[in-house]
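Source file: query_36.txt. Holds: compact mmCIF, N, CA and C atoms.
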# COMPACT_ATOMS: atom_id res chain seq x y z
N MET A 1 101.71 72.80 126.90
CA MET A 1 101.57 72.74 125.46
C MET A 1 101.69 74.12 124.79
N PRO A 2 101.09 75.17 125.37
CA PRO A 2 101.25 76.49 124.74
C PRO A 2 102.70 76.93 124.65
N VAL A 3 103.49 76.58 125.66
CA VAL A 3 104.90 76.96 125.65
C VAL A 3 105.63 76.25 124.54
N VAL A 4 105.32 74.99 124.30
CA VAL A 4 105.96 74.23 123.23
C VAL A 4 105.62 74.84 121.87
N ILE A 5 104.37 75.20 121.67
CA ILE A 5 103.97 75.80 120.39
C ILE A 5 104.60 77.17 120.22
N ALA A 6 104.64 77.97 121.29
CA ALA A 6 105.29 79.28 121.22
C ALA A 6 106.79 79.13 120.93
N LEU A 7 107.41 78.14 121.54
CA LEU A 7 108.84 77.88 121.28
C LEU A 7 109.04 77.48 119.82
N GLY A 8 108.13 76.67 119.28
CA GLY A 8 108.21 76.30 117.87
C GLY A 8 108.09 77.52 116.97
N ALA A 9 107.20 78.45 117.31
CA ALA A 9 107.05 79.67 116.52
C ALA A 9 108.33 80.50 116.58
N VAL A 10 108.95 80.59 117.75
CA VAL A 10 110.21 81.34 117.89
C VAL A 10 111.30 80.70 117.05
N LEU A 11 111.42 79.38 117.13
CA LEU A 11 112.47 78.69 116.37
C LEU A 11 112.27 78.83 114.86
N MET A 12 111.03 78.76 114.40
CA MET A 12 110.76 78.91 112.97
C MET A 12 111.05 80.34 112.50
N THR A 13 110.77 81.33 113.33
CA THR A 13 111.09 82.71 113.00
C THR A 13 112.59 82.90 112.91
N LEU A 14 113.33 82.35 113.87
CA LEU A 14 114.79 82.44 113.83
C LEU A 14 115.36 81.72 112.62
N LEU A 15 114.83 80.55 112.30
CA LEU A 15 115.29 79.80 111.13
C LEU A 15 115.02 80.58 109.84
N GLY A 16 113.86 81.20 109.76
CA GLY A 16 113.54 82.02 108.58
C GLY A 16 114.47 83.21 108.44
N GLY A 17 114.75 83.88 109.54
CA GLY A 17 115.68 85.02 109.50
C GLY A 17 117.09 84.59 109.14
N TRP A 18 117.52 83.46 109.70
CA TRP A 18 118.86 82.94 109.38
C TRP A 18 118.95 82.58 107.90
N THR A 19 117.91 81.94 107.37
CA THR A 19 117.90 81.57 105.95
C THR A 19 117.95 82.80 105.07
N ALA A 20 117.20 83.83 105.42
CA ALA A 20 117.19 85.06 104.62
C ALA A 20 118.56 85.72 104.62
N GLN A 21 119.29 85.63 105.73
CA GLN A 21 120.63 86.21 105.80
C GLN A 21 121.67 85.40 105.03
N ARG A 22 121.52 84.09 105.01
CA ARG A 22 122.50 83.22 104.37
C ARG A 22 122.34 83.15 102.86
N VAL A 23 121.11 83.18 102.38
CA VAL A 23 120.85 83.02 100.95
C VAL A 23 120.64 84.42 100.37
N THR A 24 121.70 84.96 99.79
CA THR A 24 121.61 86.34 99.30
C THR A 24 121.24 86.43 97.83
N ASP A 25 121.77 85.54 97.00
CA ASP A 25 121.54 85.66 95.57
C ASP A 25 120.16 85.15 95.15
N ARG A 26 119.55 84.30 95.92
CA ARG A 26 118.22 83.76 95.58
C ARG A 26 117.17 84.12 96.64
N ARG A 27 117.42 85.22 97.33
CA ARG A 27 116.51 85.64 98.40
C ARG A 27 115.11 85.90 97.86
N HIS A 28 115.02 86.46 96.67
CA HIS A 28 113.70 86.77 96.09
C HIS A 28 112.88 85.50 95.87
N LEU A 29 113.54 84.39 95.55
CA LEU A 29 112.82 83.14 95.36
C LEU A 29 112.28 82.60 96.69
N ILE A 30 113.10 82.69 97.74
CA ILE A 30 112.66 82.21 99.05
C ILE A 30 111.53 83.09 99.59
N LEU A 31 111.65 84.40 99.41
CA LEU A 31 110.59 85.29 99.87
C LEU A 31 109.31 85.08 99.08
N GLY A 32 109.43 84.81 97.80
CA GLY A 32 108.25 84.52 96.99
C GLY A 32 107.58 83.22 97.42
N LEU A 33 108.37 82.21 97.70
CA LEU A 33 107.83 80.94 98.19
C LEU A 33 107.13 81.13 99.53
N ALA A 34 107.78 81.85 100.44
CA ALA A 34 107.18 82.08 101.76
C ALA A 34 105.89 82.88 101.64
N GLY A 35 105.90 83.92 100.81
CA GLY A 35 104.69 84.71 100.61
C GLY A 35 103.56 83.89 100.01
N GLY A 36 103.87 83.06 99.04
CA GLY A 36 102.86 82.21 98.42
C GLY A 36 102.28 81.19 99.39
N LEU A 37 103.15 80.61 100.22
CA LEU A 37 102.67 79.66 101.22
C LEU A 37 101.75 80.35 102.23
N MET A 38 102.14 81.55 102.66
CA MET A 38 101.32 82.29 103.62
C MET A 38 99.96 82.64 103.02
N LEU A 39 99.95 83.12 101.78
CA LEU A 39 98.68 83.46 101.14
C LEU A 39 97.81 82.22 100.94
N GLY A 40 98.44 81.10 100.63
CA GLY A 40 97.69 79.85 100.49
C GLY A 40 97.04 79.43 101.79
N VAL A 41 97.78 79.51 102.88
CA VAL A 41 97.23 79.15 104.19
C VAL A 41 96.09 80.09 104.56
N VAL A 42 96.30 81.38 104.34
CA VAL A 42 95.26 82.36 104.68
C VAL A 42 94.02 82.14 103.82
N GLY A 43 94.22 82.02 102.52
CA GLY A 43 93.08 81.92 101.61
C GLY A 43 92.34 80.59 101.67
N LEU A 44 93.06 79.51 101.92
CA LEU A 44 92.43 78.20 101.88
C LEU A 44 92.07 77.61 103.23
N ASP A 45 92.66 78.14 104.30
CA ASP A 45 92.40 77.57 105.62
C ASP A 45 91.84 78.60 106.59
N LEU A 46 92.57 79.67 106.84
CA LEU A 46 92.20 80.60 107.89
C LEU A 46 90.98 81.46 107.54
N LEU A 47 90.96 82.02 106.36
CA LEU A 47 89.85 82.91 106.00
C LEU A 47 88.51 82.19 105.93
N PRO A 48 88.42 81.02 105.28
CA PRO A 48 87.12 80.31 105.31
C PRO A 48 86.66 79.96 106.72
N GLU A 49 87.60 79.57 107.58
CA GLU A 49 87.24 79.25 108.96
C GLU A 49 86.76 80.50 109.70
N ALA A 50 87.43 81.62 109.47
CA ALA A 50 87.02 82.87 110.11
C ALA A 50 85.66 83.33 109.60
N LEU A 51 85.40 83.16 108.32
CA LEU A 51 84.11 83.54 107.76
C LEU A 51 82.99 82.67 108.34
N GLU A 52 83.29 81.40 108.56
CA GLU A 52 82.30 80.50 109.13
C GLU A 52 82.02 80.83 110.60
N ALA A 53 83.06 81.22 111.33
CA ALA A 53 82.91 81.51 112.75
C ALA A 53 82.33 82.90 113.01
N ALA A 54 82.53 83.82 112.07
CA ALA A 54 82.06 85.20 112.28
C ALA A 54 80.55 85.26 112.11
N GLY A 55 79.89 85.74 113.12
CA GLY A 55 78.44 85.85 113.04
C GLY A 55 77.99 87.24 112.64
N ASN A 56 78.83 88.24 112.90
CA ASN A 56 78.46 89.63 112.62
C ASN A 56 78.66 89.97 111.16
N GLU A 57 77.79 90.82 110.66
CA GLU A 57 77.90 91.30 109.29
C GLU A 57 77.72 92.81 109.29
N VAL A 58 78.41 93.47 108.36
CA VAL A 58 78.26 94.91 108.15
C VAL A 58 77.82 95.10 106.71
N PHE A 59 76.61 95.60 106.52
CA PHE A 59 76.03 95.76 105.18
C PHE A 59 76.06 94.45 104.39
N GLY A 60 75.84 93.34 105.07
CA GLY A 60 75.78 92.04 104.42
C GLY A 60 77.13 91.39 104.17
N VAL A 61 78.22 92.03 104.62
CA VAL A 61 79.57 91.49 104.43
C VAL A 61 80.08 91.01 105.79
N PRO A 62 80.60 89.78 105.88
CA PRO A 62 81.12 89.28 107.16
C PRO A 62 82.22 90.19 107.72
N THR A 63 82.18 90.39 109.02
CA THR A 63 83.15 91.27 109.68
C THR A 63 84.58 90.77 109.47
N ALA A 64 84.77 89.47 109.48
CA ALA A 64 86.12 88.91 109.29
C ALA A 64 86.68 89.29 107.92
N LEU A 65 85.84 89.29 106.91
CA LEU A 65 86.30 89.66 105.57
C LEU A 65 86.65 91.14 105.50
N LEU A 66 85.85 91.97 106.16
CA LEU A 66 86.16 93.40 106.20
C LEU A 66 87.49 93.67 106.91
N CYS A 67 87.73 92.97 108.02
CA CYS A 67 88.99 93.12 108.74
C CYS A 67 90.17 92.68 107.88
N PHE A 68 89.99 91.59 107.15
CA PHE A 68 91.03 91.10 106.26
C PHE A 68 91.38 92.15 105.20
N VAL A 69 90.37 92.70 104.56
CA VAL A 69 90.59 93.69 103.49
C VAL A 69 91.18 94.98 104.07
N LEU A 70 90.68 95.43 105.20
CA LEU A 70 91.21 96.66 105.80
C LEU A 70 92.66 96.48 106.25
N GLY A 71 93.01 95.34 106.78
CA GLY A 71 94.39 95.06 107.15
C GLY A 71 95.32 95.07 105.95
N PHE A 72 94.87 94.45 104.86
CA PHE A 72 95.67 94.44 103.64
C PHE A 72 95.85 95.85 103.10
N LEU A 73 94.78 96.63 103.08
CA LEU A 73 94.88 98.00 102.57
C LEU A 73 95.78 98.86 103.46
N ALA A 74 95.71 98.68 104.78
CA ALA A 74 96.58 99.44 105.67
C ALA A 74 98.05 99.11 105.41
N ALA A 75 98.36 97.83 105.24
CA ALA A 75 99.74 97.43 104.94
C ALA A 75 100.18 97.99 103.59
N HIS A 76 99.30 97.99 102.61
CA HIS A 76 99.63 98.51 101.29
C HIS A 76 99.89 100.01 101.34
N VAL A 77 99.05 100.75 102.05
CA VAL A 77 99.23 102.20 102.17
C VAL A 77 100.54 102.51 102.88
N LEU A 78 100.86 101.80 103.96
CA LEU A 78 102.10 102.02 104.67
C LEU A 78 103.31 101.75 103.77
N GLU A 79 103.25 100.67 103.01
CA GLU A 79 104.35 100.34 102.10
C GLU A 79 104.52 101.43 101.04
N ARG A 80 103.43 101.92 100.49
CA ARG A 80 103.47 102.97 99.49
C ARG A 80 104.03 104.26 100.08
N LEU A 81 103.63 104.59 101.30
CA LEU A 81 104.14 105.80 101.94
C LEU A 81 105.65 105.73 102.14
N LEU A 82 106.15 104.56 102.52
CA LEU A 82 107.59 104.39 102.68
C LEU A 82 108.30 104.49 101.33
N ALA A 83 107.70 103.95 100.28
CA ALA A 83 108.31 104.02 98.95
C ALA A 83 108.34 105.46 98.46
N VAL A 84 107.28 106.23 98.71
CA VAL A 84 107.25 107.63 98.31
C VAL A 84 108.31 108.41 99.08
N ARG A 85 108.45 108.11 100.35
CA ARG A 85 109.46 108.79 101.16
C ARG A 85 110.86 108.52 100.62
N LYS A 86 111.10 107.28 100.22
CA LYS A 86 112.41 106.92 99.67
C LYS A 86 112.65 107.65 98.36
N ALA A 87 111.63 107.71 97.51
CA ALA A 87 111.77 108.40 96.23
C ALA A 87 111.92 109.90 96.42
N ALA A 88 111.28 110.46 97.45
CA ALA A 88 111.35 111.89 97.69
C ALA A 88 112.75 112.34 98.08
N HIS A 89 113.54 111.45 98.63
CA HIS A 89 114.91 111.79 99.01
C HIS A 89 115.85 111.74 97.80
N GLY A 90 115.34 111.34 96.65
CA GLY A 90 116.15 111.31 95.44
C GLY A 90 117.18 110.21 95.43
N LEU A 91 116.89 109.12 96.09
CA LEU A 91 117.85 108.01 96.17
C LEU A 91 117.64 107.05 95.02
N ASP A 92 118.70 106.37 94.69
CA ASP A 92 118.60 105.30 93.71
C ASP A 92 117.78 104.16 94.28
N PRO A 93 117.13 103.36 93.43
CA PRO A 93 116.33 102.24 93.94
C PRO A 93 117.14 101.24 94.77
N ASP A 94 118.44 101.11 94.48
CA ASP A 94 119.27 100.15 95.20
C ASP A 94 119.86 100.71 96.49
N GLU A 95 119.76 102.04 96.69
CA GLU A 95 120.34 102.67 97.87
C GLU A 95 119.44 102.45 99.08
N ARG A 96 120.04 102.24 100.24
CA ARG A 96 119.27 101.93 101.45
C ARG A 96 118.92 103.20 102.22
N VAL A 97 117.75 103.16 102.85
CA VAL A 97 117.30 104.25 103.71
C VAL A 97 117.11 103.68 105.11
N PRO A 98 117.80 104.24 106.12
CA PRO A 98 117.71 103.66 107.47
C PRO A 98 116.29 103.64 108.03
N GLN A 99 115.47 104.64 107.72
CA GLN A 99 114.12 104.69 108.27
C GLN A 99 113.29 103.52 107.78
N VAL A 100 113.49 103.10 106.55
CA VAL A 100 112.72 101.98 106.01
C VAL A 100 113.08 100.69 106.74
N GLY A 101 114.35 100.47 106.99
CA GLY A 101 114.78 99.28 107.71
C GLY A 101 114.29 99.27 109.14
N LEU A 102 114.34 100.43 109.80
CA LEU A 102 113.86 100.54 111.17
C LEU A 102 112.35 100.30 111.24
N THR A 103 111.63 100.85 110.29
CA THR A 103 110.18 100.64 110.25
C THR A 103 109.85 99.17 110.00
N ALA A 104 110.59 98.54 109.09
CA ALA A 104 110.35 97.12 108.80
C ALA A 104 110.67 96.26 110.03
N ALA A 105 111.74 96.58 110.73
CA ALA A 105 112.09 95.81 111.93
C ALA A 105 111.04 96.00 113.02
N THR A 106 110.57 97.22 113.18
CA THR A 106 109.52 97.50 114.17
C THR A 106 108.24 96.76 113.83
N ALA A 107 107.90 96.74 112.54
CA ALA A 107 106.70 96.02 112.11
C ALA A 107 106.84 94.53 112.36
N MET A 108 108.03 93.98 112.15
CA MET A 108 108.25 92.56 112.38
C MET A 108 108.13 92.22 113.87
N VAL A 109 108.65 93.07 114.73
CA VAL A 109 108.53 92.85 116.18
C VAL A 109 107.06 92.92 116.58
N GLY A 110 106.34 93.93 116.08
CA GLY A 110 104.90 94.02 116.38
C GLY A 110 104.13 92.82 115.89
N HIS A 111 104.48 92.33 114.71
CA HIS A 111 103.82 91.16 114.15
C HIS A 111 104.09 89.93 115.03
N SER A 112 105.31 89.77 115.48
CA SER A 112 105.65 88.63 116.32
C SER A 112 104.94 88.70 117.67
N VAL A 113 104.81 89.91 118.22
CA VAL A 113 104.08 90.07 119.47
C VAL A 113 102.62 89.66 119.28
N MET A 114 102.03 90.08 118.17
CA MET A 114 100.65 89.72 117.90
C MET A 114 100.50 88.21 117.69
N ASP A 115 101.52 87.57 117.10
CA ASP A 115 101.51 86.11 116.99
C ASP A 115 101.44 85.46 118.37
N GLY A 116 102.24 85.96 119.29
CA GLY A 116 102.23 85.44 120.65
C GLY A 116 100.89 85.64 121.33
N VAL A 117 100.30 86.83 121.13
CA VAL A 117 98.99 87.10 121.72
C VAL A 117 97.95 86.16 121.12
N ALA A 118 98.02 85.94 119.82
CA ALA A 118 97.06 85.05 119.16
C ALA A 118 97.19 83.61 119.64
N ILE A 119 98.41 83.14 119.82
CA ILE A 119 98.63 81.79 120.33
C ILE A 119 98.06 81.66 121.74
N GLY A 120 98.34 82.65 122.60
CA GLY A 120 97.81 82.62 123.95
C GLY A 120 96.29 82.68 123.99
N ALA A 121 95.71 83.55 123.16
CA ALA A 121 94.24 83.68 123.11
C ALA A 121 93.60 82.40 122.60
N ALA A 122 94.22 81.77 121.61
CA ALA A 122 93.67 80.53 121.06
C ALA A 122 93.64 79.43 122.12
N PHE A 123 94.66 79.36 122.97
CA PHE A 123 94.66 78.35 124.02
C PHE A 123 93.68 78.70 125.13
N GLN A 124 93.46 79.98 125.36
CA GLN A 124 92.45 80.36 126.36
C GLN A 124 91.04 80.00 125.91
N VAL A 125 90.79 80.16 124.61
CA VAL A 125 89.48 79.85 124.06
C VAL A 125 89.26 78.35 124.03
N GLY A 126 90.32 77.62 123.74
CA GLY A 126 90.20 76.16 123.71
C GLY A 126 90.31 75.66 122.33

Translate this file's structure into structure tokens.
Amino acid sequence: MPVVIALGAVLMTLLGGWTAQRVTDRRHLILGLAGGLMLGVVGLDLLPEALEAAGNEVFGVPTALLCFVLGFLAAHVLERLLAVRKAAHGLDPDERVPQVGLTAATAMVGHSVMDGVAIGAAFQVG
């Protein structure tokens, strides 16, 4: 069963990448929809469950909530640093920077690896 679920995750990732490559003029709409769906799942399903399962608190705040906020802030800071780097090179907003694409691809690979680890850990826990 874990292999079937992992295969489903791989296929959905490939389908998402293929869709992003094929739909060029309305890519912003698809990315907005995907982002909204992800935030909805996190906010309405995953975060409440994590808050319920987390027993530890730091200064009265659940550890899961602190991890959520710190992860968001880390991603925001990284994105801002890349944007500042792009602006520092004096490039137009529409001009591409290879380092930004390489960093985004590396982040996507790392994210997918963590998805695989999470799927495996979830099946180990039961």

Quick one, how far is CA of Ala6 in chain A from CA of Gly120 in chain A?
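It comes out at 8.6 Å.
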
Among chain A, which ones does DSSP assign to helix (DSSP H, G or I) (computed from the backbone)? Answer as number ranges by chain.
A: 2-22, 27-53, 63-88, 98-125

With 8 Å added on each side, what axis-aligned box encloses every listed atom of range 42-52 of chain A? Give the centre and edge lengths in Å to one decimal, as AutoDock Vina command-line options.
--center_x 89.2 --center_y 80.6 --center_z 106.1 --size_x 30.3 --size_y 22.0 --size_z 25.0

All strand (DSSP E) residues (DSSP, backbone) inside range 1-109 of chain A, as an MDAnalysis selection string:
chainID A and resid 57:58 61:62

Interatomic distance between CA of Ile5 in chain A and CA of Ala54 in chain A?
25.2 Å

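Here CA of Ala53 in chain A and CA of Phe123 in chain A stand 16.6 Å from one another.
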
In terms of the shortest atom-to-atom distance over only C-alpha atoms, which of A:Gly17, A:Leu7, A:Val113, A:Pro48 is closest to Leu31 in chain A?
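Of A:Gly17, A:Leu7, A:Val113, A:Pro48, the one nearest Leu31 in chain A, counting only C-alpha atoms, is A:Gly17.
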